[in-house]
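Below is start09.txt, holding compact mmCIF, C-alpha atoms.
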```txt
# COMPACT_ATOMS: atom_id res chain seq x y z
CA MET J 1458 -14.72 11.17 -31.51
CA VAL J 1459 -18.03 10.56 -29.79
CA GLU J 1460 -17.89 9.88 -26.09
CA GLY J 1461 -20.32 8.26 -23.70
CA HIS J 1462 -20.08 8.44 -19.97
CA GLY J 1463 -21.64 6.41 -17.20
CA ARG J 1464 -23.15 7.47 -13.90
CA PRO J 1465 -21.99 10.71 -12.26
CA ALA J 1466 -19.95 10.02 -9.18
CA SER J 1467 -20.38 12.48 -6.36
CA ALA J 1468 -22.35 15.58 -7.18
CA GLY J 1469 -25.68 16.16 -5.49
CA HIS J 1470 -28.58 18.32 -6.70
CA ASP J 1471 -28.87 22.01 -5.84
CA GLY J 1472 -25.22 22.23 -4.90
CA GLN J 1473 -25.59 19.86 -1.95
CA PRO J 1474 -22.88 17.28 -1.23
CA GLY J 1475 -23.44 13.99 -3.02
CA VAL J 1476 -23.82 10.61 -1.37
CA GLU J 1477 -20.20 9.67 -2.14
CA VAL J 1478 -18.89 12.83 -0.42
CA MET J 1479 -20.96 12.27 2.71
CA THR J 1480 -19.97 8.61 2.80
CA GLY J 1481 -16.30 9.59 2.54
CA GLN J 1482 -16.65 11.99 5.48
CA ALA J 1483 -18.25 9.27 7.60
CA ASP J 1484 -15.47 6.85 6.63
CA VAL J 1485 -12.86 9.35 7.84
CA ARG J 1486 -14.56 9.53 11.25
CA TYR J 1487 -14.63 5.74 11.55
CA LEU J 1488 -10.96 5.51 10.56
CA VAL J 1489 -9.92 8.17 13.08
CA PHE J 1490 -11.81 6.45 15.90
CA ALA J 1491 -10.31 3.04 15.11
CA LEU J 1492 -6.85 4.58 14.78
CA ALA J 1493 -7.09 6.22 18.23
CA MET J 1494 -8.10 2.95 19.93
CA ILE J 1495 -5.36 0.90 18.28
CA CYS J 1496 -2.62 3.48 18.95
CA ALA J 1497 -3.48 3.63 22.66
CA PHE J 1498 -3.48 -0.14 23.08
CA MET J 1499 -0.33 -0.65 20.98
CA ALA J 1500 1.69 1.57 23.32
CA GLY J 1501 0.59 -0.49 26.31
CA GLU J 1502 1.26 -3.77 24.51
CA VAL J 1503 4.87 -2.85 23.75
CA ILE J 1504 5.43 -2.23 27.48
CA ALA J 1505 3.76 -5.55 28.34
CA ALA J 1506 5.90 -7.37 25.76
CA ALA J 1507 9.07 -5.92 27.28
CA ILE J 1508 7.98 -7.00 30.79
CA SER J 1509 6.90 -10.52 29.81
CA GLY J 1510 9.61 -11.24 27.22
CA SER J 1511 6.90 -12.47 24.82
CA LEU J 1512 7.70 -12.50 21.12
CA ALA J 1513 4.01 -13.14 20.44
CA LEU J 1514 3.10 -9.82 22.09
CA TYR J 1515 5.87 -8.08 20.16
CA SER J 1516 4.44 -9.71 17.02
CA ASP J 1517 0.96 -8.48 17.84
CA ALA J 1518 2.35 -5.02 18.56
CA GLY J 1519 4.16 -5.10 15.22
CA HIS J 1520 0.93 -6.10 13.53
CA MET J 1521 -0.86 -3.28 15.33
CA LEU J 1522 1.85 -0.91 14.13
CA ALA J 1523 1.05 -2.12 10.62
CA ASP J 1524 -2.61 -1.39 11.45
CA VAL J 1525 -1.69 2.13 12.52
CA VAL J 1526 0.20 2.69 9.27
CA ALA J 1527 -2.69 1.16 7.31
CA LEU J 1528 -5.30 3.33 8.99
CA GLY J 1529 -3.11 6.45 8.68
CA ALA J 1530 -2.54 5.73 4.99
CA ALA J 1531 -6.26 5.09 4.56
CA LEU J 1532 -7.02 8.50 6.09
CA TRP J 1533 -4.44 10.16 3.85
CA ALA J 1534 -5.84 8.41 0.78
CA ALA J 1535 -9.44 9.22 1.73
CA ARG J 1536 -8.63 12.93 1.93
CA LEU J 1537 -6.73 12.90 -1.37
CA SER J 1538 -9.49 10.92 -3.08
CA ALA J 1539 -12.04 13.53 -2.04
CA ARG J 1540 -10.29 16.24 -4.08
CA ALA J 1541 -12.05 17.23 -7.27
CA PRO J 1542 -10.37 16.48 -10.64
CA GLY J 1543 -8.38 19.35 -12.06
CA GLY J 1544 -5.15 20.31 -13.81
CA ILE J 1545 -2.99 17.30 -14.65
CA TRP J 1546 -5.06 15.08 -12.32
CA THR J 1547 -7.91 14.44 -14.73
CA PHE J 1548 -9.34 11.64 -12.57
CA GLY J 1549 -8.55 13.47 -9.34
CA LEU J 1550 -6.35 11.64 -6.84
CA LYS J 1551 -8.60 8.65 -6.35
CA ARG J 1552 -5.80 6.20 -7.13
CA ALA J 1553 -4.09 7.28 -3.89
CA GLU J 1554 -6.16 4.56 -2.22
CA ILE J 1555 -4.49 1.94 -4.42
CA LEU J 1556 -1.00 3.20 -3.53
CA SER J 1557 -2.04 3.09 0.13
CA ALA J 1558 -3.21 -0.52 -0.16
CA ALA J 1559 -0.04 -1.59 -1.98
CA GLY J 1560 2.14 0.11 0.65
CA ASN J 1561 0.21 -1.66 3.40
CA GLY J 1562 0.78 -4.99 1.71
CA VAL J 1563 4.53 -4.42 1.41
CA GLY J 1564 4.72 -3.30 5.05
CA LEU J 1565 2.97 -6.48 6.21
CA VAL J 1566 5.41 -8.64 4.25
CA VAL J 1567 8.40 -6.93 5.90
CA VAL J 1568 6.98 -7.22 9.43
CA ALA J 1569 5.97 -10.86 8.87
CA GLY J 1570 9.48 -11.68 7.65
CA VAL J 1571 11.16 -10.17 10.72
CA ILE J 1572 8.77 -11.97 13.09
CA THR J 1573 9.25 -15.31 11.31
CA VAL J 1574 13.03 -15.15 11.62
CA GLU J 1575 12.87 -14.37 15.35
CA ALA J 1576 10.18 -17.03 15.95
CA VAL J 1577 12.32 -19.73 14.35
CA ARG J 1578 15.28 -18.63 16.49
CA ARG J 1579 13.14 -18.92 19.63
CA LEU J 1580 11.88 -22.33 18.62
CA VAL J 1581 15.48 -23.49 18.55
CA SER J 1582 16.49 -21.61 21.72
CA PRO J 1583 13.38 -20.94 23.84
CA ALA J 1584 13.32 -17.88 26.09
CA GLY J 1585 11.44 -17.46 29.37
CA VAL J 1586 7.96 -15.94 28.94
CA GLU J 1587 5.46 -14.67 31.53
CA GLY J 1588 2.41 -16.56 30.33
CA LEU J 1589 -0.13 -14.78 32.54
CA VAL J 1590 0.86 -11.36 31.19
CA VAL J 1591 0.61 -12.70 27.63
CA LEU J 1592 -2.85 -14.14 28.31
CA VAL J 1593 -4.28 -10.98 29.93
CA VAL J 1594 -2.86 -8.58 27.35
CA ALA J 1595 -3.97 -10.78 24.43
CA LEU J 1596 -7.53 -10.94 25.77
CA ALA J 1597 -7.56 -7.16 26.24
CA GLY J 1598 -6.23 -6.76 22.70
CA ALA J 1599 -8.99 -8.97 21.37
CA VAL J 1600 -11.58 -6.72 23.03
CA VAL J 1601 -9.99 -3.59 21.52
CA ASN J 1602 -9.87 -5.18 18.08
CA VAL J 1603 -13.51 -6.26 18.30
CA ALA J 1604 -14.41 -2.63 19.02
CA ALA J 1605 -12.26 -1.36 16.12
CA THR J 1606 -13.71 -3.99 13.80
CA VAL J 1607 -17.26 -3.01 14.71
CA VAL J 1608 -16.46 0.65 14.01
CA LEU J 1609 -14.82 -0.05 10.64
CA ALA J 1610 -17.63 -2.42 9.65
CA ARG J 1611 -19.87 0.66 9.46
CA ALA J 1612 -17.65 2.26 6.82
CA ASP J 1613 -18.08 1.81 3.08
CA ARG J 1614 -15.87 -1.21 2.35
CA THR J 1615 -16.42 -1.35 -1.40
CA GLY J 1616 -13.17 0.59 -1.89
CA LEU J 1617 -9.82 -1.18 -1.56
CA ASN J 1618 -8.59 1.48 0.86
CA VAL J 1619 -11.09 0.96 3.69
CA ARG J 1620 -11.37 -2.74 2.89
CA GLY J 1621 -7.62 -3.09 3.47
CA ALA J 1622 -7.81 -1.28 6.81
CA PHE J 1623 -10.73 -3.50 7.85
CA ALA J 1624 -8.79 -6.63 6.86
CA HIS J 1625 -5.91 -5.49 9.08
CA THR J 1626 -8.12 -5.22 12.16
CA VAL J 1627 -9.89 -8.55 11.54
CA THR J 1628 -6.51 -10.27 11.10
CA ASP J 1629 -5.32 -8.71 14.35
CA LEU J 1630 -8.34 -10.14 16.14
CA TYR J 1631 -7.43 -13.66 15.02
CA ALA J 1632 -3.82 -13.00 16.00
CA PHE J 1633 -4.79 -12.00 19.54
CA ILE J 1634 -6.88 -15.15 19.89
CA GLY J 1635 -3.84 -17.22 18.90
CA THR J 1636 -1.62 -15.30 21.31
CA ALA J 1637 -4.13 -15.78 24.13
CA ALA J 1638 -4.07 -19.52 23.46
CA ALA J 1639 -0.27 -19.47 23.66
CA GLY J 1640 -0.41 -17.55 26.94
CA LEU J 1641 -2.85 -20.05 28.39
CA ALA J 1642 -0.63 -22.96 27.29
CA ILE J 1643 2.37 -21.37 29.01
CA VAL J 1644 0.40 -20.76 32.20
CA LEU J 1645 -0.87 -24.35 32.33
CA THR J 1646 2.20 -26.24 31.09
CA GLY J 1647 5.15 -23.84 31.17
CA TRP J 1648 5.91 -24.71 27.50
CA SER J 1649 7.49 -21.43 26.32
CA ARG J 1650 7.76 -22.55 22.69
CA ALA J 1651 4.02 -21.90 22.43
CA ASP J 1652 4.92 -18.20 22.28
CA ALA J 1653 7.06 -18.70 19.17
CA ILE J 1654 4.39 -20.87 17.55
CA ALA J 1655 1.80 -18.13 18.15
CA SER J 1656 4.21 -15.67 16.51
CA LEU J 1657 4.43 -17.86 13.41
CA PHE J 1658 0.62 -17.96 13.34
CA VAL J 1659 0.54 -14.15 13.39
CA SER J 1660 3.12 -14.04 10.57
CA ALA J 1661 1.00 -16.39 8.47
CA LEU J 1662 -2.05 -14.17 8.96
CA MET J 1663 0.01 -11.12 7.95
CA ALA J 1664 1.24 -12.86 4.81
CA ARG J 1665 -2.30 -13.87 3.85
CA THR J 1666 -3.59 -10.31 4.25
CA ALA J 1667 -0.58 -8.90 2.40
CA TRP J 1668 -1.17 -11.24 -0.55
CA GLY J 1669 -4.76 -10.08 -0.92
CA LEU J 1670 -3.81 -6.40 -0.81
CA LEU J 1671 -0.87 -6.75 -3.21
CA ARG J 1672 -2.89 -8.90 -5.63
CA ASP J 1673 -5.84 -6.50 -5.80
CA SER J 1674 -3.76 -3.31 -5.90
CA GLY J 1675 -1.38 -4.85 -8.45
CA ARG J 1676 -4.26 -5.68 -10.80
CA ILE J 1677 -5.38 -2.06 -10.70
CA LEU J 1678 -1.91 -0.50 -10.99
CA LEU J 1679 -1.09 -2.78 -13.94
CA GLN J 1680 -4.47 -1.88 -15.50
CA ALA J 1681 -5.85 -5.39 -15.75
CA ALA J 1682 -9.45 -5.74 -16.86
CA PRO J 1683 -11.90 -5.38 -13.94
CA ASP J 1684 -13.19 -8.54 -12.29
CA GLY J 1685 -16.32 -9.77 -14.00
CA VAL J 1686 -15.57 -7.98 -17.29
CA SER J 1687 -14.65 -10.32 -20.16
CA LEU J 1688 -13.40 -8.40 -23.18
CA ASP J 1689 -14.54 -11.22 -25.47
CA GLN J 1690 -18.06 -10.87 -24.09
CA VAL J 1691 -17.93 -7.07 -24.34
CA ARG J 1692 -16.79 -7.35 -27.95
CA ALA J 1693 -19.59 -9.77 -28.77
CA HIS J 1694 -22.27 -7.58 -27.19
CA VAL J 1695 -21.00 -4.39 -28.84
CA ALA J 1696 -20.74 -6.09 -32.23
CA GLY J 1697 -24.36 -7.17 -31.85
CA VAL J 1698 -25.65 -3.58 -31.78
CA ASP J 1699 -27.45 -2.57 -34.98
CA HIS J 1700 -25.28 -0.90 -37.64
CA VAL J 1701 -22.01 -1.86 -35.85
CA LEU J 1702 -19.54 -3.51 -38.23
CA GLY J 1703 -16.61 -4.12 -35.90
CA VAL J 1704 -14.76 -3.22 -32.69
CA HIS J 1705 -11.05 -2.60 -32.14
CA ASP J 1706 -8.75 -0.90 -29.65
CA LEU J 1707 -10.96 -2.28 -26.90
CA HIS J 1708 -9.53 -1.63 -23.43
CA ALA J 1709 -10.97 -2.04 -19.95
CA TRP J 1710 -9.22 -1.10 -16.72
CA THR J 1711 -9.90 0.21 -13.24
CA VAL J 1712 -8.93 3.73 -12.21
CA THR J 1713 -9.74 2.89 -8.59
CA SER J 1714 -11.55 0.00 -6.95
CA GLU J 1715 -14.85 1.83 -7.51
CA LEU J 1716 -14.32 3.19 -11.04
CA PRO J 1717 -14.14 0.57 -13.81
CA THR J 1718 -13.48 2.18 -17.18
CA LEU J 1719 -13.74 1.07 -20.81
CA SER J 1720 -12.80 2.56 -24.17
CA ALA J 1721 -13.18 1.27 -27.73
CA HIS J 1722 -13.16 2.23 -31.40
CA VAL J 1723 -16.47 1.13 -32.91
CA VAL J 1724 -16.81 0.84 -36.69
CA VAL J 1725 -20.31 1.64 -37.94
CA GLU J 1726 -21.94 1.83 -41.34
CA ASP J 1727 -20.95 4.98 -43.24
CA HIS J 1728 -24.50 6.20 -43.79
CA CYS J 1729 -25.04 6.53 -40.01
CA PHE J 1730 -23.01 9.73 -39.99
CA ALA J 1731 -24.80 11.28 -42.97
CA SER J 1732 -28.23 10.39 -41.57
CA GLY J 1733 -27.43 11.64 -38.04
CA HIS J 1734 -27.97 8.19 -36.58
CA ALA J 1735 -24.64 8.13 -34.67
CA PRO J 1736 -26.11 9.46 -31.37
CA GLN J 1737 -28.67 6.65 -31.35
CA ILE J 1738 -25.88 4.10 -31.80
CA LEU J 1739 -24.02 5.66 -28.88
CA ASP J 1740 -27.15 5.37 -26.73
CA ALA J 1741 -27.50 1.73 -27.72
CA LEU J 1742 -23.87 1.03 -26.84
CA GLN J 1743 -24.29 2.65 -23.43
CA ALA J 1744 -27.48 0.68 -22.80
CA CYS J 1745 -25.70 -2.51 -23.80
CA LEU J 1746 -22.84 -1.92 -21.35
CA GLY J 1747 -25.16 -0.82 -18.57
CA SER J 1748 -27.38 -3.89 -18.82
CA HIS J 1749 -24.64 -6.52 -19.13
CA PHE J 1750 -21.49 -5.13 -17.45
CA ASP J 1751 -20.73 -3.08 -14.35
CA VAL J 1752 -18.72 -0.36 -16.13
CA GLU J 1753 -19.25 3.14 -14.78
CA HIS J 1754 -17.22 5.19 -17.27
CA SER J 1755 -16.91 4.43 -20.97
CA THR J 1756 -15.64 6.25 -24.05
CA PHE J 1757 -16.46 5.16 -27.61
CA GLN J 1758 -14.91 6.48 -30.78
CA LEU J 1759 -17.38 5.91 -33.62
CA GLU J 1760 -15.71 5.47 -37.00
CA PRO J 1761 -17.03 4.94 -40.53
CA ALA J 1762 -15.78 1.80 -42.27
CA SER J 1763 -13.79 3.99 -44.68
CA HIS J 1764 -11.73 5.32 -41.76
CA ALA J 1765 -9.72 2.09 -41.52
CA ALA J 1766 -7.25 3.28 -44.16
CA HIS J 1767 -6.31 6.25 -41.95
CA GLU J 1768 -5.55 4.22 -38.82
CA ARG J 1769 -1.79 4.10 -38.27
CA SER J 1770 -1.99 1.24 -35.83
CA ARG J 1771 -4.90 -0.90 -34.76
CA HIS J 1772 -5.12 -3.17 -31.79
CA PRO J 1773 -7.60 -5.98 -31.24
```

So that I can check it, write out the structure of this file as structure tokens.
Amino acid sequence: MVEGHGRPASAGHDGQPGVEVMTGQADVRYLVFALAMICAFMAGEVIAAAISGSLALYSDAGHMLADVVALGAALWAARLSARAPGGIWTFGLKRAEILSAAGNGVGLVVVAGVITVEAVRRLVSPAGVEGLVVLVVALAGAVVNVAATVVLARADRTGLNVRGAFAHTVTDLYAFIGTAAAGLAIVLTGWSRADAIASLFVSALMARTAWGLLRDSGRILLQAAPDGVSLDQVRAHVAGVDHVLGVHDLHAWTVTSELPTLSAHVVVEDHCFASGHAPQILDALQACLGSHFDVEHSTFQLEPASHAAHERSRHP
């Protein structure tokens, strides 16, 4: 088997930390700072929700709890992802970020479901709500979320892990705006059902964010081909390389959101092995992938045409 590999990931020259390592350390600092702000405000919001009787504030607090879990999981995944490959973990623990994102998505679905049930109950049987408290706390929450969003916007959001945490905080910002509108409506009109309607709005935002996280993490966990990589196009480009007779067992998947991977068995003319031309074919295959597809890690098995008789099973 002849292998070809793409760009190195994280090592720097002269033993210095690579760009990816330093970026990961900065991301951890941003996550910690955002987590501290959200935790502090969430505690106060739960107290305000109990005083005002507002389901919308409880909903926002529940969403902030989901934020706390998301940010905590993102921190956990960031630390695991930074570990070097070794032992049975041949790719390291980079896929921890995908598990974190999937867990965040499931958590959002559960919280949204609970809030929706209670909101519908309150639409049928409205409860008294202190609108002024709802308005003030929601506006304060919006300020805190703007600050957290600004902090997380500085992090590297190409990975699903940090991108999921950022999506949580942005969604929370919209939720607080909706809750503030409900508080204002209650203050001006006394219509307490506005609180339940704001809660349903928060639930819808949670469901939308959850769908995005579960869809993206599910594609990676089920090893779907990376976005933007068409196997038919890859096959056509590889087959167009000089001396290549065919391609089979072609697979493309994503180890993590930042590591698309491809492998294939490439049939070449028999004389290429006798003449020592195989390395040049490998170089051409790598150049082909690099110029047409964003695939960082690839492995090719070069085979002579006569090898087909020894293949026990062949896949397209």

I'd like the neighbourhood of region 1653-1664 of chain J as a PyMOL selection string, where a residue qualifies if any of its atoms comes within 9 Å (using all atoms listed in the file), though same-chain residues fewer than 4 positions away should be ignored.
chain J and resi 1511-1517+1520+1562+1565-1566+1568-1573+1575-1580+1583+1625+1628-1629+1631-1633+1635-1639+1649+1668-1669

Residue neighbourhood His1728 (chain J), 12 Å, all atoms listed in the file, exclusion window fewer than 4 positions, as a PyMOL selection string:
chain J and resi 1700-1701+1724+1732-1735+1760-1763

Using all atoms listed in the file for the distances, tell me which of J:Cys1729, J:Phe1750, J:Leu1742, J:Ala1535 is nearest to Ser1687 (chain J).
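Between J:Cys1729, J:Phe1750, J:Leu1742, J:Ala1535, the residue approaching Ser1687 (chain J) most closely is J:Phe1750.
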
Do you have the CA of Arg1540 (chain J)-CA of Tyr1487 (chain J) distance handy?
19.3 Å

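Shortest separation to Leu1532 (chain J) among J:Leu1556, J:Val1485, J:Phe1498, J:Val1503 occurs at residue J:Val1485, atoms counted being only C-alpha atoms.
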
I'd like to know which of J:Phe1623, J:Trp1546, J:Trp1648, J:Phe1730 is closest to Leu1609 (chain J), using all atoms listed in the file.
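Ranked by minimum distance to Leu1609 (chain J), first place goes to J:Phe1623.
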
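Shortest atom-to-atom contact with Ala1558 (chain J) among J:Ser1720, J:Gln1758, J:Thr1713, J:Gln1743: J:Thr1713, counting only C-alpha atoms.
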
Between CA of Leu1641 (chain J) and CA of Asn1602 (chain J), what is the spacing in Å?
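Between these atoms lies a distance of 19.4 Å.
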
Among listed residues J:Gly1564, J:Gly1544, J:Gly1501, J:Gly1510, nearest Val1594 (chain J) (using all atoms listed in the file):
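The answer is J:Gly1501, which sits nearest to Val1594 (chain J).
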
Name all residues at most 9 Å from Val1603 (chain J) (count only C-alpha atoms; drop same-chain ones fewer than 5 positions away) and give them as a list in words.
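Counting only the stated atoms, we get Gly1598, Val1608, Thr1626, Val1627 and Leu1630 of chain J.
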
What's the separation between CA of Thr1756 (chain J) and CA of Glu1726 (chain J), in Å to one decimal place?
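Interatomic distance here is 18.9 Å.
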
Using only C-alpha atoms, which protein or nucleic acid residues come within 12 Å of Ala1497 (chain J)? Drop anything in the same chain fewer than 5 positions from it, and give the result as a count of residues only.
13

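Closest to Val1567 (chain J) among J:Ala1523, J:Ala1682, J:Ile1634, J:Val1593 is J:Ala1523, based on all atoms listed in the file.
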
Point (-9.1, 4.2, 6.9) neighbourhood (12 Å, only C-alpha atoms) written as a PyMOL selection string:
chain J and resi 1481-1493+1524-1536+1554+1557-1558+1561+1605-1606+1608-1614+1616-1626
